[in-house]
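K.L.:
I am sharing data.txt, which consists of compact mmCIF, C-alpha atoms:
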# COMPACT_ATOMS: atom_id res chain seq x y z
CA MET W 1 11.34 -2.09 -0.12
CA SER W 2 10.15 -3.69 3.10
CA GLN W 3 11.91 -1.16 5.37
CA LEU W 4 11.21 2.38 4.24
CA LEU W 5 13.34 5.42 4.98
CA ARG W 6 10.77 8.05 5.94
CA VAL W 7 10.98 11.79 6.57
CA GLN W 8 8.02 12.85 8.69
CA ASN W 9 6.69 16.13 9.99
CA PHE W 10 9.76 18.01 8.85
CA THR W 11 8.75 21.64 8.90
CA VAL W 12 10.26 24.32 6.69
CA SER W 13 9.53 27.99 6.08
CA GLN W 14 7.88 29.21 2.90
CA ASP W 15 11.34 30.09 1.67
CA GLY W 16 12.59 26.54 2.21
CA PHE W 17 14.60 26.65 5.45
CA GLY W 18 14.38 24.08 8.24
CA ALA W 19 16.12 26.42 10.70
CA GLY W 20 17.59 29.90 10.75
CA GLU W 21 21.19 30.90 11.20
CA HIS W 22 23.01 31.09 14.55
CA GLN W 23 21.78 27.96 16.33
CA SER W 24 22.57 28.11 20.03
CA LEU W 25 21.63 26.46 23.30
CA GLU W 26 18.93 29.07 23.80
CA ARG W 27 17.76 29.00 20.18
CA PRO W 28 17.81 25.45 18.76
CA PHE W 29 16.34 26.79 15.49
CA GLY W 30 18.56 29.86 15.38
CA THR W 31 16.85 32.98 14.06
CA ALA W 32 13.72 30.98 13.22
CA ASP W 33 10.84 31.07 15.71
CA PRO W 34 9.96 27.45 16.51
CA GLY W 35 6.67 28.56 18.08
CA ALA W 36 5.49 29.86 14.73
CA MET W 37 7.07 27.09 12.68
CA PHE W 38 5.58 24.23 14.69
CA ALA W 39 2.29 25.76 15.82
CA TRP W 40 0.45 23.38 13.47
CA ALA W 41 1.93 20.32 15.23
CA GLY W 42 1.72 21.61 18.78
CA ALA W 43 -2.02 22.18 18.39
CA THR W 44 -2.74 18.51 17.66
CA ALA W 45 -3.93 15.87 20.12
CA SER W 46 -1.12 13.49 19.13
CA TRP W 47 1.85 15.88 19.35
CA PRO W 48 4.53 13.70 21.00
CA ASN W 49 5.59 16.47 23.35
CA ARG W 50 2.06 17.24 24.52
CA THR W 51 1.85 17.38 28.29
CA GLU W 52 -1.81 18.30 28.74
CA PRO W 53 -4.99 16.69 27.33
CA GLY W 54 -6.81 18.31 24.44
CA GLY W 55 -5.71 19.29 20.98
CA GLY W 56 -7.26 18.95 17.55
CA ARG W 57 -8.00 15.69 15.78
CA GLY W 58 -8.31 17.06 12.26
CA LEU W 59 -5.96 16.70 9.30
CA ASP W 60 -2.78 17.81 11.10
CA ASP W 61 -3.31 15.16 13.74
CA TYR W 62 -2.99 12.39 11.13
CA PHE W 63 0.57 13.55 10.62
CA THR W 64 1.60 13.82 14.25
CA ARG W 65 -0.06 10.52 15.15
CA ASP W 66 1.87 8.79 12.35
CA PHE W 67 5.20 9.85 13.89
CA SER W 68 5.93 6.55 15.64
CA ARG W 69 3.88 4.08 13.59
CA ASN W 70 6.13 1.23 12.45
CA ILE W 71 9.34 3.18 13.15
CA GLY W 72 12.21 1.13 14.54
CA ALA W 73 15.10 3.61 14.45
CA GLU W 74 15.91 7.25 13.69
CA ILE W 75 18.85 8.86 11.92
CA MET W 76 19.59 12.50 12.68
CA GLY W 77 22.32 15.00 11.90
CA SER W 78 24.62 16.30 14.62
CA ASN W 79 22.99 19.75 14.62
CA LYS W 80 19.64 18.21 15.46
CA PHE W 81 21.27 16.55 18.44
CA SER W 82 23.27 19.47 19.76
CA PRO W 83 24.24 23.12 19.34
CA HIS W 84 27.92 22.22 19.83
CA ARG W 85 30.34 22.24 16.91
CA GLY W 86 33.64 20.42 16.72
CA PRO W 87 35.10 17.91 19.20
CA TRP W 88 33.22 17.23 22.45
CA LYS W 89 34.80 18.85 25.50
CA ASP W 90 32.84 16.45 27.69
CA HIS W 91 29.83 14.20 27.33
CA GLY W 92 27.45 16.13 29.55
CA TRP W 93 25.14 17.10 26.69
CA ARG W 94 22.47 14.46 26.21
CA GLY W 95 20.16 16.11 23.70
CA TRP W 96 17.39 18.72 23.87
CA TRP W 97 14.67 16.36 25.00
CA GLY W 98 15.16 15.80 28.72
CA GLU W 99 15.02 12.43 30.43
CA GLU W 100 12.29 10.99 28.16
CA PRO W 101 13.10 11.73 24.53
CA PRO W 102 10.17 11.25 22.14
CA PHE W 103 11.95 8.69 19.93
CA HIS W 104 11.60 5.41 21.90
CA THR W 105 13.99 3.63 19.53
CA PRO W 106 17.71 3.57 18.76
CA VAL W 107 18.83 6.94 17.34
CA PHE W 108 21.90 7.24 15.12
CA VAL W 109 23.55 10.65 15.26
CA LEU W 110 25.78 11.38 12.26
CA THR W 111 28.93 13.14 13.41
CA HIS W 112 32.63 13.33 12.74
CA HIS W 113 33.09 13.47 16.52
CA THR W 114 31.93 10.16 17.89
CA ARG W 115 31.35 9.44 21.56
CA PRO W 116 30.00 6.50 23.59
CA SER W 117 26.36 5.48 23.22
CA PHE W 118 23.98 6.28 26.07
CA THR W 119 20.37 5.53 26.94
CA LEU W 120 17.61 7.81 28.22
CA ALA W 121 14.39 5.93 29.09
CA ASP W 122 13.72 3.79 25.98
CA THR W 123 15.86 5.83 23.57
CA THR W 124 19.50 4.91 22.94
CA PHE W 125 21.72 7.41 21.13
CA HIS W 126 24.58 6.08 19.00
CA PHE W 127 27.20 8.33 17.40
CA ILE W 128 28.52 7.27 14.03
CA ASP W 129 30.87 8.76 11.46
CA ALA W 130 29.38 7.24 8.33
CA ASP W 131 28.06 8.16 4.89
CA PRO W 132 24.29 8.00 4.30
CA ALA W 133 24.26 4.47 2.85
CA ALA W 134 26.33 3.03 5.69
CA ALA W 135 24.24 4.86 8.31
CA LEU W 136 21.04 3.56 6.77
CA ALA W 137 22.36 0.00 6.79
CA LEU W 138 23.11 0.29 10.52
CA ALA W 139 19.74 1.86 11.29
CA ARG W 140 17.85 -0.77 9.29
CA GLU W 141 19.54 -3.54 11.21
CA ALA W 142 18.68 -1.86 14.52
CA ALA W 143 15.08 -1.24 13.41
CA ASP W 144 14.29 -4.95 13.55
CA GLY W 145 12.19 -5.05 10.39
CA LYS W 146 10.48 -1.72 10.93
CA ASP W 147 10.97 1.51 9.00
CA VAL W 148 13.66 4.11 9.68
CA ARG W 149 12.85 7.75 10.32
CA LEU W 150 15.18 10.39 8.91
CA GLY W 151 14.81 13.16 11.44
CA GLY W 152 16.71 16.06 9.88
CA GLY W 153 17.98 18.72 9.80
CA ALA W 154 17.74 19.99 6.29
CA ALA W 155 21.35 19.30 5.33
CA THR W 156 21.06 15.71 6.53
CA ILE W 157 17.85 15.17 4.56
CA ARG W 158 19.50 16.67 1.48
CA SER W 159 22.44 14.28 1.74
CA PHE W 160 20.11 11.27 1.87
CA LEU W 161 17.99 12.64 -0.98
CA ASP W 162 21.11 13.21 -3.07
CA ALA W 163 22.13 9.60 -2.38
CA GLY W 164 18.71 8.39 -3.56
CA LEU W 165 17.91 6.73 -0.24
CA VAL W 166 14.65 8.42 0.82
CA ASP W 167 11.43 6.46 0.19
CA THR W 168 8.78 8.84 1.55
CA LEU W 169 9.00 12.47 2.56
CA HIS W 170 6.44 14.57 4.43
CA VAL W 171 7.33 18.25 4.69
CA ALA W 172 5.02 20.81 6.29
CA VAL W 173 5.53 24.24 4.77
CA SER W 174 4.78 26.82 7.42
CA PRO W 175 3.52 30.32 6.54
CA VAL W 176 6.64 32.07 7.84
CA SER W 177 9.78 33.32 6.13
CA ILE W 178 13.28 33.01 7.60
CA GLY W 179 15.49 34.52 4.90
CA ALA W 180 18.64 32.50 5.57
CA GLY W 181 19.69 29.34 7.34
CA SER W 182 19.62 25.60 6.77
CA ARG W 183 17.98 25.10 3.38
CA LEU W 184 15.98 22.03 2.36
CA TRP W 185 15.04 23.27 -1.10
CA LYS W 186 14.57 26.32 -3.25
CA SER W 187 11.28 24.87 -4.45
CA PRO W 188 9.41 21.63 -3.58
CA GLN W 189 9.14 20.99 -7.32
CA GLU W 190 12.85 20.15 -7.35
CA LEU W 191 11.93 16.62 -6.30
CA ASP W 192 9.17 15.99 -8.84
CA ASP W 193 11.40 14.11 -11.25
CA ARG W 194 11.99 11.41 -8.68
CA PHE W 195 8.87 11.46 -6.49
CA HIS W 196 5.12 11.52 -6.71
CA HIS W 197 4.10 14.77 -5.05
CA GLU W 198 0.83 15.83 -3.47
CA VAL W 199 0.18 19.18 -1.82
CA VAL W 200 -2.50 19.24 0.88
CA PRO W 201 -3.37 22.62 2.41
CA SER W 202 -4.39 22.39 6.05
CA PRO W 203 -6.91 24.61 7.84
CA SER W 204 -4.06 25.45 10.24
CA GLY W 205 -2.24 27.38 7.53
CA VAL W 206 0.54 24.92 6.70
CA ALA W 207 0.71 23.05 3.41
CA HIS W 208 1.60 19.38 3.70
CA HIS W 209 3.85 18.20 0.90
CA LEU W 210 3.81 14.43 0.47
CA PHE W 211 6.40 12.68 -1.68
CA TRP W 212 6.91 9.03 -2.43
CA ARG W 213 9.22 7.35 -4.89
CA ARG W 214 8.20 7.05 -8.52
CA MET T 1 -11.73 10.13 27.23
CA SER T 2 -8.85 7.68 27.24
CA GLN T 3 -10.62 5.13 25.00
CA LEU T 4 -12.09 6.83 21.95
CA LEU T 5 -14.92 5.53 19.81
CA ARG T 6 -13.71 6.14 16.27
CA VAL T 7 -15.36 5.92 12.86
CA GLN T 8 -12.65 5.53 10.21
CA ASN T 9 -12.62 5.36 6.44
CA PHE T 10 -16.39 5.16 6.24
CA THR T 11 -17.21 5.96 2.64
CA VAL T 12 -20.45 7.53 1.49
CA SER T 13 -21.78 8.80 -1.82
CA GLN T 14 -22.17 12.49 -2.58
CA ASP T 15 -25.81 12.09 -1.70
CA GLY T 16 -25.00 10.64 1.71
CA PHE T 17 -25.49 6.88 1.38
CA GLY T 18 -23.12 4.24 2.73
CA ALA T 19 -24.70 1.53 0.57
CA GLY T 20 -27.48 1.20 -1.98
CA GLU T 21 -30.69 -0.76 -1.70
CA HIS T 22 -31.02 -4.52 -2.21
CA GLN T 23 -27.95 -5.86 -0.42
CA SER T 24 -27.31 -9.48 -1.38
CA LEU T 25 -24.61 -12.11 -1.24
CA GLU T 26 -23.42 -11.02 -4.67
CA ARG T 27 -23.76 -7.29 -3.95
CA PRO T 28 -22.68 -6.45 -0.38
CA PHE T 29 -23.31 -2.76 -1.12
CA GLY T 30 -26.58 -3.34 -2.98
CA THR T 31 -27.08 -1.06 -5.96
CA ALA T 32 -23.93 0.90 -5.08
CA ASP T 33 -20.73 0.04 -6.94
CA PRO T 34 -18.07 -0.64 -4.30
CA GLY T 35 -15.34 -0.44 -6.95
CA ALA T 36 -16.20 3.21 -7.53
CA MET T 37 -16.96 4.00 -3.89
CA PHE T 38 -13.71 2.59 -2.52
CA ALA T 39 -11.34 3.29 -5.40
CA TRP T 40 -9.60 5.92 -3.27
CA ALA T 41 -8.76 3.38 -0.56
CA GLY T 42 -7.91 0.48 -2.83
CA ALA T 43 -5.28 2.60 -4.58
CA THR T 44 -3.26 3.17 -1.38
CA ALA T 45 -0.21 1.24 -0.23
CA SER T 46 -1.75 0.58 3.20
CA TRP T 47 -5.19 -0.71 2.11
CA PRO T 48 -5.74 -3.64 4.52
CA ASN T 49 -7.01 -5.91 1.74
CA ARG T 50 -4.09 -5.22 -0.58
CA THR T 51 -2.59 -8.45 -1.90
CA GLU T 52 0.12 -7.03 -4.19
CA PRO T 53 2.90 -4.53 -3.49
CA GLY T 54 2.58 -0.97 -4.71
CA GLY T 55 -0.04 1.69 -4.14
CA GLY T 56 0.12 5.39 -3.39
CA ARG T 57 1.59 6.93 -0.26
CA GLY T 58 -0.08 10.32 -0.52
CA LEU T 59 -2.88 11.82 1.55
CA ASP T 60 -5.31 8.90 1.19
CA ASP T 61 -2.71 6.51 2.53
CA TYR T 62 -2.64 8.36 5.88
CA PHE T 63 -6.25 7.32 6.32
CA THR T 64 -5.89 3.67 5.35
CA ARG T 65 -2.70 3.28 7.39
CA ASP T 66 -4.49 4.66 10.45
CA PHE T 67 -7.12 1.89 10.27
CA SER T 68 -5.58 -0.36 12.91
CA ARG T 69 -3.52 2.13 14.97
CA ASN T 70 -4.45 1.77 18.65
CA ILE T 71 -7.70 -0.09 17.88
CA GLY T 72 -8.58 -2.86 20.33
CA ALA T 73 -12.09 -3.83 19.20
CA GLU T 74 -14.69 -3.13 16.51
CA ILE T 75 -18.45 -2.73 16.69
CA MET T 76 -20.45 -3.34 13.53
CA GLY T 77 -24.09 -3.64 12.53
CA SER T 78 -25.56 -6.95 11.41
CA ASN T 79 -25.81 -5.82 7.77
CA LYS T 80 -22.09 -5.18 7.65
CA PHE T 81 -21.55 -8.74 8.83
CA SER T 82 -24.03 -10.49 6.58
CA PRO T 83 -26.66 -10.17 3.83
CA HIS T 84 -29.05 -12.40 5.81
CA ARG T 85 -32.08 -10.95 7.55
CA GLY T 86 -34.00 -12.50 10.42
CA PRO T 87 -33.12 -15.63 12.40
CA TRP T 88 -30.10 -17.69 11.35
CA LYS T 89 -31.02 -20.93 9.57
CA ASP T 90 -27.54 -22.21 10.34
CA HIS T 91 -24.18 -20.78 11.35
CA GLY T 92 -22.35 -21.44 8.10
CA TRP T 93 -21.97 -17.74 7.29
CA ARG T 94 -18.75 -16.38 8.79
CA GLY T 95 -18.55 -12.92 7.23
CA TRP T 96 -17.44 -11.53 3.88
CA TRP T 97 -13.74 -11.55 4.63
CA GLY T 98 -12.53 -15.14 4.21
CA GLU T 99 -10.25 -16.91 6.63
CA GLU T 100 -8.20 -13.82 7.57
CA PRO T 101 -10.52 -10.89 8.31
CA PRO T 102 -8.79 -7.49 8.38
CA PHE T 103 -9.85 -6.66 11.95
CA HIS T 104 -7.36 -8.61 14.11
CA THR T 105 -9.35 -7.80 17.28
CA PRO T 106 -12.63 -8.81 18.90
CA VAL T 107 -15.59 -7.71 16.76
CA PHE T 108 -19.02 -7.13 18.28
CA VAL T 109 -21.88 -7.65 15.81
CA LEU T 110 -25.11 -5.93 16.88
CA THR T 111 -28.04 -8.21 16.11
CA HIS T 112 -31.38 -9.30 17.50
CA HIS T 113 -30.45 -12.83 16.40
CA THR T 114 -27.48 -13.86 18.49
CA ARG T 115 -25.34 -16.90 17.81
CA PRO T 116 -22.18 -18.40 19.31
CA SER T 117 -18.89 -16.51 19.01
CA PHE T 118 -16.30 -17.86 16.60
CA THR T 119 -12.70 -17.05 15.69
CA LEU T 120 -11.03 -16.65 12.30
CA ALA T 121 -7.26 -16.15 12.52
CA ASP T 122 -6.86 -13.33 15.09
CA THR T 123 -10.41 -11.96 14.80
CA THR T 124 -13.17 -13.19 17.13
CA PHE T 125 -16.78 -12.33 16.26
CA HIS T 126 -19.26 -11.92 19.11
CA PHE T 127 -22.99 -11.45 18.54
CA ILE T 128 -24.81 -9.20 20.97
CA ASP T 129 -28.33 -7.85 21.28
CA ALA T 130 -27.55 -4.56 23.01
CA ASP T 131 -28.16 -0.84 22.75
CA PRO T 132 -25.24 1.41 21.71
CA ALA T 133 -24.12 2.30 25.25
CA ALA T 134 -24.10 -1.32 26.42
CA ALA T 135 -22.32 -2.45 23.26
CA LEU T 136 -19.67 0.22 23.70
CA ALA T 137 -19.10 -0.81 27.32
CA LEU T 138 -18.49 -4.40 26.23
CA ALA T 139 -16.20 -3.36 23.39
CA ARG T 140 -14.18 -1.03 25.61
CA GLU T 141 -13.60 -3.80 28.10
CA ALA T 142 -12.47 -6.14 25.31
CA ALA T 143 -10.23 -3.44 23.80
CA ASP T 144 -7.85 -3.61 26.74
CA GLY T 145 -7.24 0.12 27.01
CA LYS T 146 -7.18 0.81 23.28
CA ASP T 147 -9.76 2.65 21.20
CA VAL T 148 -12.87 1.09 19.67
CA ARG T 149 -13.64 1.31 15.96
CA LEU T 150 -17.26 1.77 14.90
CA GLY T 151 -17.31 -0.01 11.56
CA GLY T 152 -20.75 0.84 10.16
CA GLY T 153 -23.02 0.62 8.29
CA ALA T 154 -24.69 3.98 8.13
CA ALA T 155 -27.65 3.09 10.36
CA THR T 156 -25.34 1.77 13.05
CA ILE T 157 -23.20 4.91 12.96
CA ARG T 158 -26.37 7.04 13.16
CA SER T 159 -27.55 5.20 16.25
CA PHE T 160 -24.22 5.83 18.04
CA LEU T 161 -24.19 9.46 16.89
CA ASP T 162 -27.73 9.93 18.16
CA ALA T 163 -26.66 8.45 21.51
CA GLY T 164 -23.76 10.94 21.70
CA LEU T 165 -21.13 8.20 21.87
CA VAL T 166 -18.88 8.94 18.89
CA ASP T 167 -15.60 10.75 19.64
CA THR T 168 -14.05 11.02 16.16
CA LEU T 169 -15.51 10.44 12.72
CA HIS T 170 -13.73 10.21 9.40
CA VAL T 171 -16.03 9.97 6.39
CA ALA T 172 -14.76 9.89 2.81
CA VAL T 173 -17.30 11.39 0.42
CA SER T 174 -16.90 9.67 -2.93
CA PRO T 175 -17.80 11.41 -6.21
CA VAL T 176 -20.66 9.02 -7.01
CA SER T 177 -24.40 9.22 -6.47
CA ILE T 178 -26.55 6.29 -5.35
CA GLY T 179 -30.02 7.83 -5.08
CA ALA T 180 -31.40 5.56 -2.36
CA GLY T 181 -30.16 3.17 0.29
CA SER T 182 -28.61 3.31 3.73
CA ARG T 183 -28.27 6.99 4.59
CA LEU T 184 -25.62 8.46 6.88
CA TRP T 185 -26.70 12.07 6.49
CA LYS T 186 -28.48 14.53 4.26
CA SER T 187 -25.58 16.94 4.71
CA PRO T 188 -22.29 16.68 6.64
CA GLN T 189 -23.14 20.02 8.24
CA GLU T 190 -25.78 18.24 10.33
CA LEU T 191 -23.03 17.37 12.80
CA ASP T 192 -21.44 20.80 13.10
CA ASP T 193 -23.26 21.69 16.30
CA ARG T 194 -21.54 18.85 18.14
CA PHE T 195 -18.25 18.37 16.30
CA HIS T 196 -15.32 20.29 14.96
CA HIS T 197 -15.37 19.65 11.21
CA GLU T 198 -12.63 19.86 8.61
CA VAL T 199 -13.05 19.08 4.92
CA VAL T 200 -9.92 17.95 3.08
CA PRO T 201 -10.20 17.37 -0.66
CA SER T 202 -7.94 14.60 -1.93
CA PRO T 203 -6.26 14.41 -5.34
CA SER T 204 -8.08 11.07 -5.75
CA GLY T 205 -11.42 12.85 -5.99
CA VAL T 206 -12.86 12.05 -2.57
CA ALA T 207 -13.33 14.67 0.14
CA HIS T 208 -12.27 13.59 3.61
CA HIS T 209 -14.57 14.91 6.31
CA LEU T 210 -12.98 14.89 9.75
CA PHE T 211 -15.05 15.39 12.88
CA TRP T 212 -14.07 15.42 16.51
CA ARG T 213 -16.06 16.34 19.58
CA ARG T 214 -16.44 19.97 20.55
Translate the structure described by the file into structure tokens.

P.N.:
Amino acid sequence: MSQLLRVQNFTVSQDGFGAGEHQSLERPFGTADPGAMFAWAGATASWPNRTEPGGGRGLDDYFTRDFSRNIGAEIMGSNKFSPHRGPWKDHGWRGWWGEEPPFHTPVFVLTHHTRPSFTLADTTFHFIDADPAAALALAREAADGKDVRLGGGAATIRSFLDAGLVDTLHVAVSPVSIGAGSRLWKSPQELDDRFHHEVVPSPSGVAHHLFWRR
Amino acid sequence: MSQLLRVQNFTVSQDGFGAGEHQSLERPFGTADPGAMFAWAGATASWPNRTEPGGGRGLDDYFTRDFSRNIGAEIMGSNKFSPHRGPWKDHGWRGWWGEEPPFHTPVFVLTHHTRPSFTLADTTFHFIDADPAAALALAREAADGKDVRLGGGAATIRSFLDAGLVDTLHVAVSPVSIGAGSRLWKSPQELDDRFHHEVVPSPSGVAHHLFWRR
């Protein structure tokens, strides 16, 4: 297990949703409020999207600062990449992240609607129509010996969990409820048969759930 | 504050000691039992001295895996380097860590008894007779833009704290008592006037105390 598949800083509501319903260009997380969901991460010194100095260096910062450590590639679902559904009308959409995406590695977007790869700064997006095992094999090869991050969303993480491919999983459970949307789990205990599981409450109000293979 | 001075994974007893009395070649931590003190770290997958696969990937592993992230140099006290006291009789002693020390950077040993620098694998030890501010200036220059780790022991950390030079401090309080020795603090709350302070209990039994400058 020299190249891990890692889920990191994936944030869900208390009721187990990674995003609400009705994702759109204006609302990447649908009915969920990303400000409330991700407040814990945005307050840290090492938040990748931080534009101003400052931020806390307590427990939560250990999670945000670990985001890029030894990561050589990311896999994400198509809904993390884009609010569009179905075939591409054009290739103008290049992700939510502007000209300098926070990934800095190859990114493999799982989609039935492939399109040409493109590069923004030091992130290259590839579009592949592949099952989890085949996607992971591609990402591992691109990661050049480093680990692979599984970026979400919830349905994508579930498909890799169901295929038994996830090595470590960090989920931050945020003190908000969404009610409906993209579900990661009904209860974190669902995974306890296959993973060690620690729960670490943070002063910020989230509970960090840490899983690693038994 | 682009180059932080960081204390990481420094482990003390419940009664505030980093080591017991009577350090010797056979007992680097004197009367303290390092097996009990450092059990939390040794059980993690990312423990730098780990020689076999395995180990936990829960909370404690976030601390051991952060040991080398963005560190460009270490400063340590002479008692961390060696059990000898007073002038060197010869230069045969090259540290406790064998031919591949876990630092992988320049290391500055604070001592009134300087000796020539030497290199083991990718770690070079320098011996300097300097006050904390001067030592930090040297280490920052050697760190090439990265942070500097302050490695201990307790008296060395105290001297940098008293000089106001420490930016972040992670201390693991282990559930053992030593009674006497090298004291870091009487109570962690001593630092609360100058630092933010979070306490994070770990399932392993230690309590991680995280401090960063106010």

K.L.:
Assuming 3 Å of padding per side, give the centre and edge lengths of the axis-aligned box around every listed atom of range 208-213 of chain W, in Å to one decimal and as JSON.

P.N.:
{"center_x": 5.4, "center_y": 13.4, "center_z": -0.6, "size_x": 13.6, "size_y": 18.0, "size_z": 14.6}

K.L.:
Could you tell me how far CA of Arg85 in chain T lies from CA of Ala137 in chain T, in Å and to one decimal?

P.N.:
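Separating CA of Arg85 in chain T from CA of Ala137 in chain T is a distance of 25.7 Å.
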
K.L.:
May I have the residues at most 12 Å from (15.7, -2.1, 8.7) in the file's coordinates, counting all atoms listed in the file, as a list of chain:residue names?

P.N.:
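Taken together, the residues in range are W:Met1, W:Ser2, W:Gln3, W:Leu4, W:Leu5, W:Arg6, W:Asn70, W:Ile71, W:Gly72, W:Ala73, W:Glu74, W:Ile75, W:Pro106, W:Ala135, W:Leu136, W:Ala137, W:Leu138, W:Ala139, W:Arg140, W:Glu141, W:Ala142, W:Ala143, W:Asp144, W:Gly145, W:Lys146, W:Asp147, W:Val148, W:Arg149.
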
K.L.:
Counting only C-alpha atoms, give me one row per residue of chain T with an atom at most 9 Å from an atom of chain W, showing the shortest contact pair and its distance in Å to one decimal, sorted by chain then residue number, as a tab-separated table.

P.N.:
residue	atom	partner	partner_atom	distance
T:Gly56	CA	W:Trp212	CA	7.8
T:Arg57	CA	W:Trp212	CA	6.1
T:Gly58	CA	W:Leu210	CA	5.7
T:Leu59	CA	W:Leu210	CA	7.3
T:Tyr62	CA	W:Tyr62	CA	6.6
T:Phe63	CA	W:Tyr62	CA	7.7
T:Arg65	CA	W:Asp66	CA	8.7
T:Asp66	CA	W:Asp66	CA	7.8
T:Arg69	CA	W:Arg69	CA	7.8
T:Thr168	CA	W:Arg57	CA	7.7
T:His196	CA	W:Gly58	CA	8.2
T:His197	CA	W:Gly58	CA	7.6
T:Glu198	CA	W:Gly58	CA	6.3
T:Val199	CA	W:Leu59	CA	8.7
T:Val200	CA	W:Leu59	CA	7.5
T:Pro201	CA	W:Val200	CA	8.1
T:Ser202	CA	W:Val200	CA	7.7
T:Pro203	CA	W:Glu198	CA	7.5
T:His209	CA	W:Gly58	CA	8.9
T:Leu210	CA	W:Gly58	CA	5.7
T:Phe211	CA	W:Gly58	CA	7.0
T:Trp212	CA	W:Arg57	CA	6.1
T:Arg213	CA	W:Arg57	CA	8.9

K.L.:
Would you save the residues of that selection, restricted to C-alpha atoms, as a PDB file, keeping the file's coordinate frame?

P.N.:
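After the write, again36.pdb holds the following:
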ATOM      1  CA  GLY T  56       0.120   5.390  -3.390  1.00  0.00           C
ATOM      2  CA  ARG T  57       1.590   6.930  -0.260  1.00  0.00           C
ATOM      3  CA  GLY T  58      -0.080  10.320  -0.520  1.00  0.00           C
ATOM      4  CA  LEU T  59      -2.880  11.820   1.550  1.00  0.00           C
ATOM      5  CA  TYR T  62      -2.640   8.360   5.880  1.00  0.00           C
ATOM      6  CA  PHE T  63      -6.250   7.320   6.320  1.00  0.00           C
ATOM      7  CA  ARG T  65      -2.700   3.280   7.390  1.00  0.00           C
ATOM      8  CA  ASP T  66      -4.490   4.660  10.450  1.00  0.00           C
ATOM      9  CA  ARG T  69      -3.520   2.130  14.970  1.00  0.00           C
ATOM     10  CA  THR T 168     -14.050  11.020  16.160  1.00  0.00           C
ATOM     11  CA  HIS T 196     -15.320  20.290  14.960  1.00  0.00           C
ATOM     12  CA  HIS T 197     -15.370  19.650  11.210  1.00  0.00           C
ATOM     13  CA  GLU T 198     -12.630  19.860   8.610  1.00  0.00           C
ATOM     14  CA  VAL T 199     -13.050  19.080   4.920  1.00  0.00           C
ATOM     15  CA  VAL T 200      -9.920  17.950   3.080  1.00  0.00           C
ATOM     16  CA  PRO T 201     -10.200  17.370  -0.660  1.00  0.00           C
ATOM     17  CA  SER T 202      -7.940  14.600  -1.930  1.00  0.00           C
ATOM     18  CA  PRO T 203      -6.260  14.410  -5.340  1.00  0.00           C
ATOM     19  CA  HIS T 209     -14.570  14.910   6.310  1.00  0.00           C
ATOM     20  CA  LEU T 210     -12.980  14.890   9.750  1.00  0.00           C
ATOM     21  CA  PHE T 211     -15.050  15.390  12.880  1.00  0.00           C
ATOM     22  CA  TRP T 212     -14.070  15.420  16.510  1.00  0.00           C
ATOM     23  CA  ARG T 213     -16.060  16.340  19.580  1.00  0.00           C
TER      24      ARG T 213
END

K.L.:
Quick check, in Å to one decimal: how far apart do CA of Trp185 in chain T and CA of Phe17 in chain T lie?

P.N.:
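Result for CA of Trp185 in chain T versus CA of Phe17 in chain T: 7.4 Å, one decimal.
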
K.L.:
Write out as a list of chain:residue names which residues come within 9 Å of Trp88 in chain W when counting all atoms listed in the file, dropping same-chain ones fewer than 4 positions away.

P.N.:
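Near Trp88 in chain W, the qualifying residues are W:His84, W:His113, W:Thr114, W:Arg115.
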
K.L.:
Which residues come within 8 Å of range 155-162 of chain T, counting all atoms listed in the file, excluding same-chain residues fewer than 3 positions away, as an MDAnalysis selection string?

P.N.:
chainID T and resid 7 76:77 132 150:152 165:166 182:184

K.L.:
Find the residues with any atom within 6 Å of (-16.9, 10.3, -4.6); use only C-alpha atoms and the coordinates as given in the file, and write the answer as number ranges by chain.

P.N.:
T: 13, 173-176, 206

K.L.:
Counting all atoms listed in the file, what is within 9 Å of Ala19 in chain T, bar same-chain residues fewer than 6 positions away, as number ranges by chain?

P.N.:
T: 11-13, 28-34, 153-154, 178, 180-183

K.L.:
Which one is closest to Gly205 in chain W: W:Pro83, W:Val109, W:Asn9, W:Ala172? Count only C-alpha atoms.

P.N.:
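When distances to Gly205 in chain W are compared using only C-alpha atoms, the smallest one comes from W:Ala172.
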
K.L.:
Between CA of His112 in chain T and CA of Pro48 in chain T, what is the distance, to one decimal in Å?

P.N.:
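One can read the CA of His112 in chain T to CA of Pro48 in chain T distance as 29.3 Å.
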
K.L.:
Pick from T:Arg27, T:Ser177, T:Val171, T:Ala36: nearest to Phe10 in chain T, with all atoms listed in the file counted?

P.N.:
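Looking at the shortest contact to Phe10 in chain T, the residue is T:Val171.
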
K.L.:
Can range 121-125 of chain T be brought up to N, CA and C atoms and written out as a short mmCIF file (atom, residue, chain, number, x, y, z; two decimals), in the frame of the given file?

P.N.:
data_model
loop_
_atom_site.label_atom_id
_atom_site.label_comp_id
_atom_site.auth_asym_id
_atom_site.auth_seq_id
_atom_site.Cartn_x
_atom_site.Cartn_y
_atom_site.Cartn_z
N ALA T 121 -8.61 -16.71 12.32
CA ALA T 121 -7.26 -16.15 12.52
C ALA T 121 -7.26 -15.37 13.84
N ASP T 122 -6.92 -14.08 13.83
CA ASP T 122 -6.86 -13.33 15.09
C ASP T 122 -8.06 -12.40 15.27
N THR T 123 -9.16 -12.72 14.63
CA THR T 123 -10.41 -11.96 14.80
C THR T 123 -11.46 -12.87 15.41
N THR T 124 -12.07 -12.43 16.53
CA THR T 124 -13.17 -13.19 17.13
C THR T 124 -14.45 -12.37 16.99
N PHE T 125 -15.48 -12.99 16.42
CA PHE T 125 -16.78 -12.33 16.26
C PHE T 125 -17.70 -12.73 17.41
#
